[in-house]
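I have placed the structure first, in the form of structure tokens, so that the comments after it can refer back to it.
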Amino acid sequence: MDFLRPASWEEALAAKAEHPTAVPIAGGTDVMVEINFDHRRPEYLLDLNRIGDLSEWEVGEKTVRLGASVPYSKIMENLRAELPGLALASHTVASPQIRNRGGVGGNLGTASPAGDAHPALLASGCDVEVESVRGRRMIPVDDFYTGVKRNAMEPDELIRSVHLPKADGPQQFSKVGTRNAMVIAVCAFGIALHPDTRTVRTGIGSAAPTPVRAREAEDFLAAALDEGGFWESAAPIPPSVAKQFAQLASGACNPIDDVRGSAKYRRHAVGIMARRTLGWTWESYRGNTHGTKGGAQCA
């Protein structure tokens, strides 16, 4: 196994072009596990740790440009207001040591359906910036996941950053695991309310071959909120609406039985998380809109 260590982004792109099978490594929290267990033995490792741009972020008027290697701990500390859903998801990633090393680019590159960042990325509606010596392109996150641990990148491309809209409404994230820490998700759910466009977006992790959105649930809820005048009134959501949203979210799953949980349990748990996170986000919206206090009406 050869170790490539470029000193600049241009050198990294050149190395990837010359060795398309080279596996990028930054935090190494996924790659090193696979290597240590002999599940993967790449011919080349492409170390990106000397490229400072990958560990930087920029907050614009409407978006956040997040370098592929920005550690989860930095997202938690510095971007909680702009990216609340991703900050909440970052809290659930493994241990403090791994949160200090791992970044969103690693989750995207690995494209495991159990990656903690995916539900929040789908719910936010971000774009993934990838680049090669041939040029740069933006891949909408909805088009990024193409199969089990597969993504839409070409062999000579590297992830440079993720462009996320700044939150215009409440966001939430929930995860089920077999213990409280250092755990791979049995399933996970993210939701983001977008009052500016009167839309809802979701993300489901570890309950289908790829991270997915619950599109029918999103469309149903957005229509219910609009037709019922809830965006204006910020009134409590009826339990019947919350129940239907949860059922549709559960129906978006296509899980498997494995050592962490059964398919039946995953579907059930996603429905529960959908109902609860909807309750939390809507209560936050009500509080921000009309100063309403009190428990969530649909949780």
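Naming works like this for the structure tokens: A, B, ... for the chains as they're shown, residue 1 at the start of each chain, ligands 1 onward in shown order.
Counting only C-alpha atoms, Val104 in chain A has the following residues at most 10 Å away, ignoring those fewer than 6 positions along the same chain: A:Gly27, A:Leu66, A:Gly67, A:Ala68, A:Ser69, A:Val70, A:Pro71, A:Tyr72, A:Ile75, A:Leu86, A:Ser90, A:Gly115, A:Asp116, A:Ala117, A:His118, A:Leu121, A:Ile159, A:Ser161, A:Val162.
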Practice item. Report as a ChimeraX atom specification: the residues of range 43-178 of chain A with a DSSP assignment of helix (DSSP H, G or I), based on the backbone of this structure. Key: /A:52-55,72-78,84-91,96-99,104-110,118-124,141-144
Point to revise | Nearby residues (only C-alpha atoms) at most 12 Å from Glu154 in chain A, same-chain spacing under 5 positions excluded, as a PyMOL selection string | key: chain A and resi 16-17+20-21+109+130-137+139+144+159
Now that the selection is made, can you save its residues with N, CA, C and O atoms as a compact mmCIF listing (two decimals), in the first residue's frame?
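Once written, again04.txt looks like this:
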```txt
# COMPACT_ATOMS: atom_id res chain seq x y z
N LYS A 16 -5.04 12.10 -7.70
CA LYS A 16 -6.25 11.32 -7.90
C LYS A 16 -6.45 11.01 -9.38
O LYS A 16 -6.95 9.92 -9.74
N ALA A 17 -6.07 11.94 -10.25
CA ALA A 17 -6.17 11.70 -11.69
C ALA A 17 -5.21 10.60 -12.12
O ALA A 17 -5.54 9.76 -12.96
N PRO A 20 -6.68 6.79 -9.95
CA PRO A 20 -8.13 6.92 -9.66
C PRO A 20 -8.61 5.98 -8.56
O PRO A 20 -9.64 6.25 -7.94
N THR A 21 -7.90 4.89 -8.30
CA THR A 21 -8.32 3.95 -7.25
C THR A 21 -7.84 4.38 -5.86
O THR A 21 -8.17 3.71 -4.88
N GLY A 109 -18.28 10.44 1.24
CA GLY A 109 -17.44 9.58 0.43
C GLY A 109 -17.72 8.11 0.65
O GLY A 109 -17.75 7.31 -0.29
N VAL A 130 -17.75 18.76 -5.82
CA VAL A 130 -16.69 17.81 -6.15
C VAL A 130 -15.83 18.38 -7.27
O VAL A 130 -16.29 19.21 -8.06
N GLU A 131 -14.59 17.91 -7.34
CA GLU A 131 -13.68 18.49 -8.33
C GLU A 131 -12.67 17.44 -8.79
O GLU A 131 -12.32 16.51 -8.05
N SER A 132 -12.22 17.60 -9.99
CA SER A 132 -11.14 16.81 -10.57
C SER A 132 -10.30 17.74 -11.43
O SER A 132 -10.59 18.94 -11.54
N VAL A 133 -9.27 17.21 -12.06
CA VAL A 133 -8.47 18.04 -12.96
C VAL A 133 -9.29 18.50 -14.16
O VAL A 133 -8.93 19.45 -14.85
N ARG A 134 -10.43 17.84 -14.39
CA ARG A 134 -11.30 18.21 -15.51
C ARG A 134 -12.22 19.38 -15.18
O ARG A 134 -12.81 19.98 -16.08
N GLY A 135 -12.35 19.69 -13.90
CA GLY A 135 -13.21 20.79 -13.52
C GLY A 135 -14.02 20.49 -12.27
O GLY A 135 -13.90 19.42 -11.66
N ARG A 136 -14.86 21.45 -11.92
CA ARG A 136 -15.66 21.37 -10.70
C ARG A 136 -17.13 21.20 -11.06
O ARG A 136 -17.59 21.71 -12.09
N ARG A 137 -17.88 20.50 -10.21
CA ARG A 137 -19.33 20.41 -10.39
C ARG A 137 -20.02 20.29 -9.04
O ARG A 137 -19.40 19.88 -8.04
N ILE A 139 -23.18 18.58 -7.03
CA ILE A 139 -24.13 17.47 -7.08
C ILE A 139 -25.20 17.69 -6.00
O ILE A 139 -24.86 17.72 -4.81
N PHE A 144 -26.96 12.33 -4.93
CA PHE A 144 -25.60 11.90 -4.59
C PHE A 144 -25.52 10.41 -4.29
O PHE A 144 -24.55 9.75 -4.67
N ILE A 159 -14.17 15.20 -2.99
CA ILE A 159 -15.12 16.13 -2.38
C ILE A 159 -14.35 17.29 -1.79
O ILE A 159 -13.44 17.10 -0.98
```
Practice item. Counting only C-alpha atoms, figure out which residue out of A:Asp226, A:Asp219, A:Asp156, A:Asp168 gets nearest to His194 in chain A. Key: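 Closest to His194 in chain A of all the choices is A:Asp168.
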Practice item. Write out as a VMD selection string the residues lying within 7 Å of Ala111 in chain A, counting only C-alpha atoms and excluding same-chain residues fewer than 3 positions away. Key: chain A and resid 107 to 108 145 149 to 151
Test item: residues at most 6 Å from range 44-53 of chain A, only C-alpha atoms, excluding those fewer than 5 positions along its chain, as a PDB file with N, CA and C atoms, in the first residue's frame:
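To be explicit, this is the file written out as part.pdb:
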```pdb
ATOM      1  N   MET A   1       0.850  -1.191   0.000  1.00  0.00           N
ATOM      2  CA  MET A   1       0.000   0.000   0.000  1.00  0.00           C
ATOM      3  C   MET A   1       0.887   1.243   0.000  1.00  0.00           C
ATOM      4  N   ASP A   2       0.723   2.091  -1.007  1.00  0.00           N
ATOM      5  CA  ASP A   2       1.494   3.325  -1.100  1.00  0.00           C
ATOM      6  C   ASP A   2       0.711   4.478  -0.477  1.00  0.00           C
ATOM      7  N   PHE A   3       1.448   5.416   0.111  1.00  0.00           N
ATOM      8  CA  PHE A   3       0.853   6.542   0.827  1.00  0.00           C
ATOM      9  C   PHE A   3       1.193   7.820   0.084  1.00  0.00           C
ATOM     10  N   LEU A   4       0.173   8.473  -0.481  1.00  0.00           N
ATOM     11  CA  LEU A   4       0.355   9.720  -1.224  1.00  0.00           C
ATOM     12  C   LEU A   4       0.004  10.875  -0.302  1.00  0.00           C
ATOM     13  N   ARG A   5       0.849  11.906  -0.259  1.00  0.00           N
ATOM     14  CA  ARG A   5       0.637  13.011   0.685  1.00  0.00           C
ATOM     15  C   ARG A   5       0.789  14.347  -0.028  1.00  0.00           C
ATOM     16  N   ALA A   7       0.587  18.304  -0.943  1.00  0.00           N
ATOM     17  CA  ALA A   7       0.698  19.501  -0.103  1.00  0.00           C
ATOM     18  C   ALA A   7      -0.330  20.560  -0.474  1.00  0.00           C
ATOM     19  N   SER A   8      -1.042  20.375  -1.574  1.00  0.00           N
ATOM     20  CA  SER A   8      -2.022  21.372  -2.012  1.00  0.00           C
ATOM     21  C   SER A   8      -3.195  20.654  -2.670  1.00  0.00           C
ATOM     22  N   ALA A  22      -7.058   5.452  -5.784  1.00  0.00           N
ATOM     23  CA  ALA A  22      -6.561   5.911  -4.489  1.00  0.00           C
ATOM     24  C   ALA A  22      -7.726   6.271  -3.574  1.00  0.00           C
ATOM     25  N   VAL A  23      -7.657   5.846  -2.322  1.00  0.00           N
ATOM     26  CA  VAL A  23      -8.724   6.099  -1.353  1.00  0.00           C
ATOM     27  C   VAL A  23      -8.355   7.334  -0.539  1.00  0.00           C
ATOM     28  N   PRO A  24      -9.160   8.395  -0.586  1.00  0.00           N
ATOM     29  CA  PRO A  24      -8.856   9.590   0.217  1.00  0.00           C
ATOM     30  C   PRO A  24      -8.972   9.285   1.707  1.00  0.00           C
ATOM     31  N   ILE A  25      -8.097   9.889   2.486  1.00  0.00           N
ATOM     32  CA  ILE A  25      -8.159   9.744   3.928  1.00  0.00           C
ATOM     33  C   ILE A  25      -7.894  11.107   4.565  1.00  0.00           C
ATOM     34  N   ALA A  26      -8.787  11.514   5.461  1.00  0.00           N
ATOM     35  CA  ALA A  26      -8.632  12.772   6.201  1.00  0.00           C
ATOM     36  C   ALA A  26      -8.752  12.447   7.684  1.00  0.00           C
TER      37      ALA A  26
END
```
Practice item. Rank nothing, just name the residue among A:Asn288, A:Thr110, A:Asn180, A:Thr281 nearest to Thr210 in chain A, using only C-alpha atoms. Key: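 Under the stated criterion, the closest residue is A:Thr110.
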